>>> print(open('run.txt').read())   # compact mmCIF, C-alpha atoms (C1' of nucleotides) and all ligand atoms
# COMPACT_ATOMS: atom_id res chain seq x y z
CA MET X 1 -24.81 -4.92 53.06
CA HIS X 2 -24.13 -1.72 54.99
CA GLY X 3 -23.24 -0.95 58.56
CA PRO X 4 -20.72 -2.89 60.62
CA PRO X 5 -20.40 -6.61 59.98
CA TRP X 6 -22.59 -8.79 62.15
CA TRP X 7 -19.69 -10.01 64.28
CA HIS X 8 -18.75 -6.60 65.69
CA GLY X 9 -21.21 -6.93 68.51
CA ARG X 10 -19.95 -10.34 69.60
CA PHE X 11 -16.66 -9.00 70.96
CA ARG X 12 -17.76 -6.40 73.47
CA GLY X 13 -19.88 -8.84 75.39
CA CYS X 14 -16.93 -11.18 75.92
CA GLY X 15 -14.57 -8.41 76.99
CA TYR X 16 -12.45 -8.88 73.89
CA ARG X 17 -11.23 -6.03 71.76
CA LEU X 18 -12.19 -5.79 68.15
CA THR X 19 -8.85 -5.05 66.54
CA ILE X 20 -7.77 -4.58 62.95
CA PRO X 21 -6.25 -8.06 62.68
CA ARG X 22 -9.32 -9.72 64.13
CA ASP X 23 -11.64 -7.81 61.87
CA ALA X 24 -9.46 -8.51 58.85
CA ILE X 25 -9.30 -12.22 59.61
CA LEU X 26 -13.05 -12.44 60.03
CA ASN X 27 -13.47 -10.62 56.75
CA VAL X 28 -11.28 -13.15 55.00
CA LEU X 29 -13.16 -16.04 56.57
CA SER X 30 -16.53 -14.58 55.70
CA LYS X 31 -15.56 -14.35 52.05
CA ALA X 32 -13.83 -17.71 51.87
CA SER X 33 -15.36 -20.34 49.68
CA LYS X 34 -13.33 -23.18 51.14
CA HIS X 35 -11.80 -24.35 54.38
CA LEU X 36 -8.73 -22.20 54.97
CA SER X 37 -5.52 -23.12 56.75
CA ALA X 38 -3.83 -20.65 59.07
CA GLU X 39 -1.26 -19.91 56.41
CA GLU X 40 -3.89 -19.33 53.76
CA ILE X 41 -5.64 -16.88 56.05
CA TYR X 42 -2.29 -15.24 56.67
CA PHE X 43 -1.61 -14.76 52.95
CA ALA X 44 -5.08 -13.42 52.28
CA VAL X 45 -4.95 -10.99 55.17
CA HIS X 46 -1.41 -10.02 54.29
CA LYS X 47 -2.50 -8.49 50.99
CA ILE X 48 -4.52 -5.88 52.81
CA TYR X 49 -2.60 -5.52 56.07
CA PRO X 50 0.98 -6.68 55.46
CA ALA X 51 1.83 -5.99 59.07
CA ILE X 52 -0.31 -8.79 60.45
CA GLY X 53 1.76 -11.78 61.49
CA LEU X 54 1.16 -15.48 61.27
CA THR X 55 1.27 -15.76 65.04
CA THR X 56 -1.68 -13.43 65.30
CA VAL X 57 -3.60 -15.51 62.82
CA TYR X 58 -3.12 -18.57 64.98
CA ARG X 59 -4.06 -16.71 68.12
CA THR X 60 -7.11 -15.12 66.54
CA VAL X 61 -8.43 -18.23 64.93
CA ASP X 62 -8.05 -19.94 68.27
CA LEU X 63 -9.94 -17.19 70.03
CA LEU X 64 -12.68 -17.28 67.46
CA ALA X 65 -13.00 -21.02 67.87
CA GLY X 66 -13.35 -20.52 71.60
CA MET X 67 -16.07 -17.93 70.98
CA GLY X 68 -17.83 -20.33 68.70
CA LEU X 69 -17.48 -18.09 65.68
CA VAL X 70 -15.34 -20.50 63.71
CA HIS X 71 -14.99 -24.23 63.52
CA LYS X 72 -11.62 -25.91 63.46
CA PHE X 73 -11.28 -29.04 61.38
CA ASP X 74 -8.75 -31.73 60.73
CA PHE X 75 -9.25 -33.25 57.32
CA GLY X 76 -6.06 -35.26 57.52
CA ASP X 77 -3.74 -33.12 55.42
CA GLY X 78 -1.52 -32.18 58.35
CA ARG X 79 -2.84 -28.70 58.94
CA SER X 80 -5.89 -27.39 60.75
CA ARG X 81 -8.55 -25.75 58.67
CA TYR X 82 -11.00 -23.10 59.70
CA GLU X 83 -14.47 -22.15 58.66
CA LEU X 84 -16.92 -19.53 59.85
CA SER X 85 -19.64 -21.18 61.86
CA LYS X 86 -22.20 -18.50 62.47
CA GLY X 87 -23.82 -15.69 60.62
CA PRO X 88 -25.58 -15.17 57.32
CA GLY X 89 -24.43 -17.53 54.64
CA SER X 90 -23.20 -20.12 57.10
CA ILE X 91 -25.39 -23.12 57.62
CA HIS X 92 -24.63 -26.11 59.76
CA HIS X 93 -23.37 -28.85 57.52
CA HIS X 94 -21.30 -32.01 57.38
CA HIS X 95 -18.38 -33.07 55.20
CA LEU X 96 -17.32 -35.52 52.56
CA VAL X 97 -13.53 -35.93 52.51
CA CYS X 98 -11.70 -37.48 49.55
CA ARG X 99 -8.84 -39.71 50.62
CA GLY X 100 -7.39 -39.42 47.12
CA CYS X 101 -6.96 -35.70 46.56
CA GLY X 102 -8.06 -34.22 49.86
CA ARG X 103 -11.03 -32.39 48.43
CA VAL X 104 -13.70 -31.55 50.94
CA ILE X 105 -17.35 -31.27 50.01
CA ASP X 106 -19.87 -29.54 52.23
CA TYR X 107 -23.30 -31.05 52.26
CA THR X 108 -26.48 -29.87 53.83
CA ASP X 109 -28.79 -32.33 52.14
CA PHE X 110 -30.44 -34.99 54.25
CA ILE X 111 -29.54 -32.95 57.27
CA ASP X 112 -33.18 -32.71 58.28
CA GLU X 113 -33.52 -36.34 59.17
CA GLU X 114 -29.99 -36.37 60.53
CA ALA X 115 -30.75 -33.40 62.73
CA GLU X 116 -33.75 -35.11 64.25
CA LEU X 117 -31.81 -38.27 65.04
CA PHE X 118 -28.87 -36.30 66.37
CA LYS X 119 -31.12 -34.45 68.74
CA GLN X 120 -32.35 -37.73 70.17
CA THR X 121 -28.90 -39.24 70.26
CA GLU X 122 -27.43 -36.23 71.99
CA ALA X 123 -30.16 -36.25 74.59
CA ALA X 124 -29.71 -39.94 75.30
CA LEU X 125 -25.92 -39.71 75.42
CA SER X 126 -26.01 -36.64 77.64
CA LYS X 127 -28.09 -38.48 80.17
CA LYS X 128 -26.32 -41.82 80.04
CA TYR X 129 -22.79 -40.47 80.30
CA ASN X 130 -23.65 -37.30 82.17
CA PHE X 131 -21.89 -35.48 79.39
CA LYS X 132 -22.73 -31.96 78.25
CA ILE X 133 -22.70 -32.01 74.46
CA LYS X 134 -21.78 -28.73 72.82
CA SER X 135 -21.27 -29.70 69.21
CA HIS X 136 -20.71 -32.57 66.86
CA ARG X 137 -18.77 -33.40 63.77
CA VAL X 138 -19.68 -35.84 61.02
CA GLN X 139 -17.38 -36.74 58.19
CA PHE X 140 -17.60 -39.31 55.44
CA TYR X 141 -14.37 -40.53 53.89
CA GLY X 142 -13.93 -42.01 50.48
CA LEU X 143 -13.13 -41.14 46.90
CA CYS X 144 -14.47 -38.26 44.87
CA GLU X 145 -15.58 -38.57 41.27
CA LYS X 146 -12.11 -37.68 40.01
CA CYS X 147 -10.21 -40.07 42.27
CA LYS X 148 -12.56 -43.02 41.98
CA PRO X 149 -11.44 -43.89 38.41
CA LYS X 150 -7.76 -43.58 39.28
CA GLU X 151 -8.16 -46.06 42.09
CA GLU X 152 -9.80 -48.58 39.81
CA ASN X 153 -6.95 -48.36 37.32
CA LYS X 154 -4.45 -49.52 39.88
CA GLU X 155 -5.81 -53.06 39.92
CA MET D 1 -6.95 -68.27 72.60
CA HIS D 2 -4.54 -70.57 70.74
CA GLY D 3 -3.10 -70.58 67.29
CA PRO D 4 -1.85 -67.54 65.45
CA PRO D 5 -3.70 -64.25 65.97
CA TRP D 6 -6.49 -63.57 63.53
CA TRP D 7 -4.53 -60.88 61.68
CA HIS D 8 -1.70 -63.17 60.49
CA GLY D 9 -3.63 -64.13 57.39
CA ARG D 10 -4.36 -60.55 56.40
CA PHE D 11 -0.74 -59.85 55.46
CA ARG D 12 -0.04 -62.55 52.93
CA GLY D 13 -2.91 -61.54 50.71
CA CYS D 14 -1.62 -58.00 50.43
CA GLY D 15 1.95 -59.05 49.72
CA TYR D 16 3.17 -57.60 52.98
CA ARG D 17 5.59 -59.38 55.26
CA LEU D 18 4.54 -60.28 58.76
CA THR D 19 7.46 -59.04 60.80
CA ILE D 20 8.19 -59.00 64.50
CA PRO D 21 7.50 -55.27 64.83
CA ARG D 22 4.20 -55.51 63.00
CA ASP D 23 3.08 -58.45 65.05
CA ALA D 24 4.17 -56.76 68.27
CA ILE D 25 2.36 -53.54 67.42
CA LEU D 26 -0.82 -55.39 66.58
CA ASN D 27 -0.53 -57.24 69.87
CA VAL D 28 -0.28 -53.98 71.75
CA LEU D 29 -3.23 -52.52 69.90
CA SER D 30 -5.35 -55.60 70.43
CA LYS D 31 -4.81 -55.39 74.17
CA ALA D 32 -5.20 -51.63 74.45
CA SER D 33 -8.14 -50.31 76.39
CA LYS D 34 -7.83 -46.78 75.08
CA HIS D 35 -6.84 -44.85 72.00
CA LEU D 36 -3.06 -44.99 71.79
CA SER D 37 -0.69 -42.43 70.33
CA ALA D 38 2.31 -43.51 68.27
CA GLU D 39 4.57 -42.83 71.22
CA GLU D 40 2.41 -44.83 73.59
CA ILE D 41 2.51 -47.74 71.22
CA TYR D 42 6.26 -47.31 71.00
CA PHE D 43 6.69 -47.45 74.78
CA ALA D 44 4.44 -50.49 75.13
CA VAL D 45 6.19 -52.36 72.35
CA HIS D 46 9.57 -51.30 73.62
CA LYS D 47 9.14 -53.28 76.85
CA ILE D 48 9.07 -56.51 74.88
CA TYR D 49 11.22 -55.66 71.87
CA PRO D 50 13.49 -52.75 72.81
CA ALA D 51 14.97 -52.75 69.34
CA ILE D 52 11.82 -51.51 67.66
CA GLY D 53 12.04 -47.86 66.74
CA LEU D 54 9.49 -45.08 66.79
CA THR D 55 9.82 -44.68 63.04
CA THR D 56 8.66 -48.22 62.55
CA VAL D 57 5.66 -47.58 64.75
CA TYR D 58 4.65 -44.67 62.55
CA ARG D 59 5.19 -46.66 59.40
CA THR D 60 3.35 -49.69 60.68
CA VAL D 61 0.39 -47.84 62.05
CA ASP D 62 0.14 -46.10 58.70
CA LEU D 63 0.24 -49.37 56.84
CA LEU D 64 -2.37 -50.87 59.11
CA ALA D 65 -4.61 -47.88 58.55
CA GLY D 66 -4.23 -48.39 54.82
CA MET D 67 -5.15 -52.04 55.22
CA GLY D 68 -8.18 -51.03 57.22
CA LEU D 69 -6.99 -52.83 60.33
CA VAL D 70 -6.72 -49.70 62.44
CA HIS D 71 -8.46 -46.37 62.55
CA LYS D 72 -6.55 -43.14 62.94
CA PHE D 73 -8.19 -40.40 64.95
CA ASP D 74 -7.58 -36.79 65.78
CA PHE D 75 -9.16 -35.88 69.07
CA GLY D 76 -7.54 -32.47 69.15
CA ASP D 77 -4.67 -33.09 71.55
CA GLY D 78 -2.02 -32.59 68.92
CA ARG D 79 -1.20 -36.20 68.27
CA SER D 80 -2.85 -38.89 66.20
CA ARG D 81 -4.42 -41.77 68.03
CA TYR D 82 -4.93 -45.29 66.83
CA GLU D 83 -7.43 -48.01 67.51
CA LEU D 84 -7.92 -51.49 66.15
CA SER D 85 -10.86 -51.51 63.80
CA LYS D 86 -11.43 -55.12 62.95
CA GLY D 87 -11.47 -58.42 64.68
CA PRO D 88 -13.02 -59.93 67.77
CA GLY D 89 -13.69 -57.42 70.49
CA SER D 90 -13.79 -54.46 68.12
CA ILE D 91 -17.19 -53.07 67.32
CA HIS D 92 -17.93 -50.06 65.19
CA HIS D 93 -18.61 -47.15 67.48
CA HIS D 94 -18.59 -43.38 67.76
CA HIS D 95 -16.95 -40.99 70.20
CA LEU D 96 -17.65 -38.43 72.88
CA VAL D 97 -14.71 -36.07 73.33
CA CYS D 98 -14.34 -33.88 76.41
CA ARG D 99 -13.04 -30.42 75.60
CA GLY D 100 -12.02 -30.01 79.23
CA CYS D 101 -9.74 -32.93 79.97
CA GLY D 102 -9.51 -34.66 76.61
CA ARG D 103 -11.17 -37.85 77.78
CA VAL D 104 -12.68 -39.90 74.99
CA ILE D 105 -15.68 -42.12 75.53
CA ASP D 106 -16.61 -44.87 73.10
CA TYR D 107 -20.28 -45.43 72.65
CA THR D 108 -22.17 -48.07 70.77
CA ASP D 109 -25.61 -47.32 72.15
CA PHE D 110 -28.25 -45.90 69.84
CA ILE D 111 -26.15 -47.09 66.96
CA ASP D 112 -29.05 -49.11 65.64
CA GLU D 113 -31.09 -46.15 64.54
CA GLU D 114 -27.95 -44.27 63.60
CA ALA D 115 -26.74 -47.13 61.45
CA GLU D 116 -30.01 -47.19 59.53
CA LEU D 117 -29.92 -43.47 58.86
CA PHE D 118 -26.27 -43.57 57.93
CA LYS D 119 -26.92 -46.25 55.39
CA GLN D 120 -29.55 -44.09 53.74
CA THR D 121 -27.44 -40.96 53.95
CA GLU D 122 -24.42 -42.67 52.49
CA ALA D 123 -26.44 -44.02 49.61
CA ALA D 124 -27.96 -40.64 48.84
CA LEU D 125 -24.64 -38.79 49.13
CA SER D 126 -22.85 -41.36 47.00
CA LYS D 127 -25.32 -40.84 44.22
CA LYS D 128 -25.64 -37.09 44.42
CA TYR D 129 -21.93 -36.33 44.58
CA ASN D 130 -20.74 -39.40 42.70
CA PHE D 131 -18.58 -40.09 45.73
CA LYS D 132 -17.52 -43.54 46.87
CA ILE D 133 -17.92 -43.61 50.65
CA LYS D 134 -15.57 -45.93 52.46
CA SER D 135 -16.05 -44.96 56.10
CA HIS D 136 -17.39 -42.31 58.38
CA ARG D 137 -16.53 -40.65 61.63
CA VAL D 138 -18.88 -39.16 64.20
CA GLN D 139 -17.75 -37.26 67.24
CA PHE D 140 -19.61 -35.31 69.86
CA TYR D 141 -17.72 -32.59 71.70
CA GLY D 142 -18.54 -31.22 75.11
CA LEU D 143 -17.77 -31.64 78.77
CA CYS D 144 -17.57 -34.86 80.74
CA GLU D 145 -19.06 -35.28 84.18
CA LYS D 146 -15.82 -34.20 85.85
CA CYS D 147 -15.25 -31.11 83.73
CA LYS D 148 -18.84 -29.89 83.65
CA PRO D 149 -18.78 -28.66 87.29
CA LYS D 150 -15.44 -26.91 86.84
CA GLU D 151 -16.79 -24.95 83.92
CA GLU D 152 -19.80 -23.78 85.91
CA ASN D 153 -17.58 -22.48 88.69
CA LYS D 154 -15.83 -20.07 86.39
CA GLU D 155 -18.87 -17.83 86.01
C1' DA A 1 -3.75 13.13 77.90
C1' DT A 2 -2.41 9.08 80.73
C1' DG A 3 -1.81 4.42 82.65
C1' DG A 4 -2.45 -0.30 82.47
C1' DG A 5 -3.80 -4.34 80.68
C1' DA A 6 -4.72 -6.47 76.15
C1' DA A 7 -2.96 -7.54 71.76
C1' DT A 8 0.61 -7.87 68.44
C1' DG A 9 4.61 -9.57 65.64
C1' DG A 10 9.06 -11.48 64.78
C1' DG A 11 12.13 -14.87 65.95
C1' DA A 12 13.24 -18.81 68.53
C1' DA A 13 11.64 -23.01 70.40
C1' DT A 14 8.73 -27.15 70.41
C1' DC A 15 7.47 -31.38 69.04
C1' DA A 16 4.88 -34.78 66.17
C1' DT A 17 5.80 -36.81 61.97
C1' DT A 18 8.65 -37.69 57.74
C1' DT A 19 12.77 -38.45 55.15
C1' DT A 20 17.22 -40.51 54.30
C1' DC A 21 20.17 -44.16 53.94
C1' DA A 22 22.96 -47.86 55.46
C1' DT A 23 21.80 -52.35 57.49
C1' DT A 24 18.80 -56.31 58.57
C1' DA A 25 15.84 -60.07 57.89
C1' DA A 26 11.24 -62.13 55.62
C1' DG A 27 10.17 -65.80 52.87
C1' DG A 28 10.07 -67.91 48.06
C1' DG A 29 13.00 -70.86 45.48
C1' DT A 30 16.81 -74.06 45.78
C1' DA J 1 18.91 -75.73 55.91
C1' DC J 2 20.89 -72.16 52.61
C1' DC J 3 20.58 -68.17 49.16
C1' DC J 4 18.94 -64.30 47.15
C1' DT J 5 16.05 -60.59 46.28
C1' DT J 6 13.95 -56.91 48.11
C1' DA J 7 10.81 -55.29 51.63
C1' DA J 8 11.38 -53.66 56.11
C1' DT J 9 13.87 -51.55 59.79
C1' DG J 10 16.20 -48.08 62.90
C1' DA J 11 19.14 -44.08 63.99
C1' DA J 12 19.77 -39.63 62.99
C1' DA J 13 18.65 -35.61 60.59
C1' DA J 14 15.11 -32.86 58.37
C1' DT J 15 10.65 -30.98 58.11
C1' DG J 16 6.86 -28.21 59.14
C1' DA J 17 2.87 -26.74 61.72
C1' DT J 18 2.00 -24.61 65.92
C1' DT J 19 3.43 -22.40 70.25
C1' DC J 20 6.30 -19.65 73.23
C1' DC J 21 8.79 -15.41 74.50
C1' DC J 22 9.17 -10.77 75.09
C1' DA J 23 9.78 -6.14 73.76
C1' DT J 24 6.64 -2.94 71.57
C1' DT J 25 2.14 -1.10 70.29
C1' DC J 26 -2.63 -0.36 70.81
C1' DC J 27 -7.22 0.18 72.90
C1' DC J 28 -9.99 2.39 76.14
C1' DA J 29 -11.71 3.69 80.74
C1' DT J 30 -10.39 7.20 83.85
MN MN I 201 -17.51 -26.95 55.63
MN MN I 202 -12.87 -45.69 70.05
ZN ZN I 203 -10.51 -36.74 45.14
ZN ZN I 204 -13.40 -34.02 80.95
>>> encode(input="run.txt", output="structure tokens")
Amino acid sequence: MHGPPWWHGRFRGCGYRLTIPRDAILNVLSKASKHLSAEEIYFAVHKIYPAIGLTTVYRTVDLLAGMGLVHKFDFGDGRSRYELSKGPGSIHHHHLVCRGCGRVIDYTDFIDEEAELFKQTEAALSKKYNFKIKSHRVQFYGLCEKCKPKEENKE
Amino acid sequence: MHGPPWWHGRFRGCGYRLTIPRDAILNVLSKASKHLSAEEIYFAVHKIYPAIGLTTVYRTVDLLAGMGLVHKFDFGDGRSRYELSKGPGSIHHHHLVCRGCGRVIDYTDFIDEEAELFKQTEAALSKKYNFKIKSHRVQFYGLCEKCKPKEENKE
DNA sequence: ATGGGAATGGGAATCATTTTCATTAAGGGT
DNA sequence: ACCCTTAATGAAAATGATTCCCATTCCCAT
């Protein structure tokens, strides 16, 4: 709870500077309860540091993705969404995406068995295609509890 | 090899008209060996029917995705890519995406065990979140055999 | 303190996709 | 084969997220 946030150390090693905008953006992301768009990050950060521009948000979020600190997602709503990937409170998980309302649900259940299979699959794919796998993404698409009934009414 | 293509029947049932553009676009997709962007489809179709516009490609590909005939993907290169999902020659598969050059590799290996696990996972998720799962997407990100060496040289 | 490269921010530019609207053409009924 | 209704189309303009440009500011090792 005290001392500098856990990400402060990660910048020096890469030769990057830990600036106000970068720190502010990471703060916003670390407190976010959902998957934020660049603009949403911009608005949130803007309340505390009105000087920070949208361009910087894009640049920063891109840098962070390159460092592996955030994940960039496309859930099909026309804008990229970002989520902290490392650190306390962030666990590897997969997503359920509602085609009706766009809601995204994180799930970590059943990951145990998934993780085991993914390890095997990654190993086999790496060898067969001589491909170095860095990460993966799993998403299920469908209808959430709210949208399911609406769909049925259409018939 | 003869007779109307397999997709002709799929339109009537939905109340959609089978038009020249739609047929042409499906022909292009059915012959494609890679994941085409809207513009690539447009160029291919344009050689045979120069009158067909890019707008129609977008509309059609959207319609086909809604009908479940094509899958829409985002591989991170800034444009959506489309692939026939049903019919002879199209098997359900997952993707390896190279972060270096953007190459996308289809793989169907190891799907057997994956398929089994996915069935279980889908069932469990459906129940727990009261979510109707229609489809899923799995992508592995990393470096292909060509890009792997380049990355190592940078250090 | 100083110099130099890194980082920033505002505005313009890009570019994939969508919207608009006047025109065309499926295809069911005759 | 011919009409009619209406879905479908295409050209051009609009949109909107992301990127580019560049003058200015900031960080930090010397
Ligand atoms: Mn998530
Ligand atoms: Mn594929
Ligand atoms: Zn929903
Ligand atoms: Zn590659």
>>> interface_residues(input="run.txt", of="chain X", to="chain A", cutoff="12 Å", atoms="only C-alpha atoms (C1' of nucleotides)", output="number ranges by chain")
X: 15-22, 50-60, 78
>>> atom_distance(input="run.txt", atom1="CA of His94 (chain D)", atom2="CA of Val138 (chain D)")
5.5 Å
>>> closest_residue(input="run.txt", among="D:Lys119, D:His95, D:His71, D:His136", to="chain X", atoms="only C-alpha atoms")
D:His136
>>> interface_residues(input="run.txt", of="chain D", to="chain X", cutoff="7 Å", atoms="only C-alpha atoms", output="list in words")
Phe110, Thr121, Asn130, Phe131, Lys132, Ile133, Lys134, Ser135, His136, Arg137, Val138, Gln139, Phe140, Tyr141, Gly142, Leu143, Cys144, Glu145 and Lys148 of chain D
>>> atom_distance(input="run.txt", atom1="CA of Glu40 (chain D)", atom2="CA of Ile25 (chain D)")
10.7 Å
>>> closest_atom_pairs(input="run.txt", of="chain J", to="chain D", cutoff="10 Å", atoms="all atoms listed in the file", output="CSV")
residue,atom,partner,partner_atom,distance
J:DA7,C1',D:Arg17,CA,7.6
J:DA8,C1',D:Thr19,CA,8.1
J:DT9,C1',D:Thr56,CA,6.8
J:DG10,C1',D:Gly53,CA,5.7
J:DA11,C1',D:Gly53,CA,8.5
J:DT18,C1',D:Gly78,CA,9.4
>>> residues_around(input="run.txt", residues="Leu69 (chain X)", least_positions_apart="4", cutoff="10 Å", atoms="all atoms listed in the file", output="MDAnalysis selection string")
chainID X and resid 7 10 26 61:65 83:87
>>> atom_distance(input="run.txt", atom1="CA of Arg79 (chain D)", atom2="CA of Ile41 (chain D)")
12.5 Å
>>> build_atoms(input="run.txt", residues="region 60-72 of chain D", atoms="N, CA and C atoms", output="short mmCIF file (atom, residue, chain, number, x, y, z; two decimals), in the frame of the given file")
data_model
loop_
_atom_site.label_atom_id
_atom_site.label_comp_id
_atom_site.auth_asym_id
_atom_site.auth_seq_id
_atom_site.Cartn_x
_atom_site.Cartn_y
_atom_site.Cartn_z
N THR D 60 4.24 -48.54 60.55
CA THR D 60 3.35 -49.69 60.68
C THR D 60 1.90 -49.26 60.86
N VAL D 61 1.73 -48.31 61.75
CA VAL D 61 0.39 -47.84 62.05
C VAL D 61 -0.24 -47.23 60.78
N ASP D 62 0.59 -46.66 59.96
CA ASP D 62 0.14 -46.10 58.70
C ASP D 62 -0.29 -47.20 57.74
N LEU D 63 0.55 -48.22 57.69
CA LEU D 63 0.24 -49.37 56.84
C LEU D 63 -1.06 -50.03 57.28
N LEU D 64 -1.19 -50.22 58.57
CA LEU D 64 -2.37 -50.87 59.11
C LEU D 64 -3.64 -50.05 58.82
N ALA D 65 -3.47 -48.73 58.86
CA ALA D 65 -4.61 -47.88 58.55
C ALA D 65 -4.99 -48.06 57.08
N GLY D 66 -3.97 -48.17 56.24
CA GLY D 66 -4.23 -48.39 54.82
C GLY D 66 -4.91 -49.72 54.56
N MET D 67 -4.55 -50.71 55.37
CA MET D 67 -5.15 -52.04 55.22
C MET D 67 -6.54 -52.09 55.85
N GLY D 68 -6.88 -51.06 56.56
CA GLY D 68 -8.18 -51.03 57.22
C GLY D 68 -8.20 -51.75 58.56
N LEU D 69 -7.03 -52.12 59.05
CA LEU D 69 -6.99 -52.83 60.33
C LEU D 69 -7.06 -51.89 61.52
N VAL D 70 -6.61 -50.67 61.34
CA VAL D 70 -6.72 -49.70 62.44
C VAL D 70 -7.34 -48.40 61.94
N HIS D 71 -7.93 -47.69 62.86
CA HIS D 71 -8.46 -46.37 62.55
C HIS D 71 -7.57 -45.32 63.18
N LYS D 72 -7.36 -44.25 62.45
CA LYS D 72 -6.55 -43.14 62.94
C LYS D 72 -7.49 -42.01 63.31
#
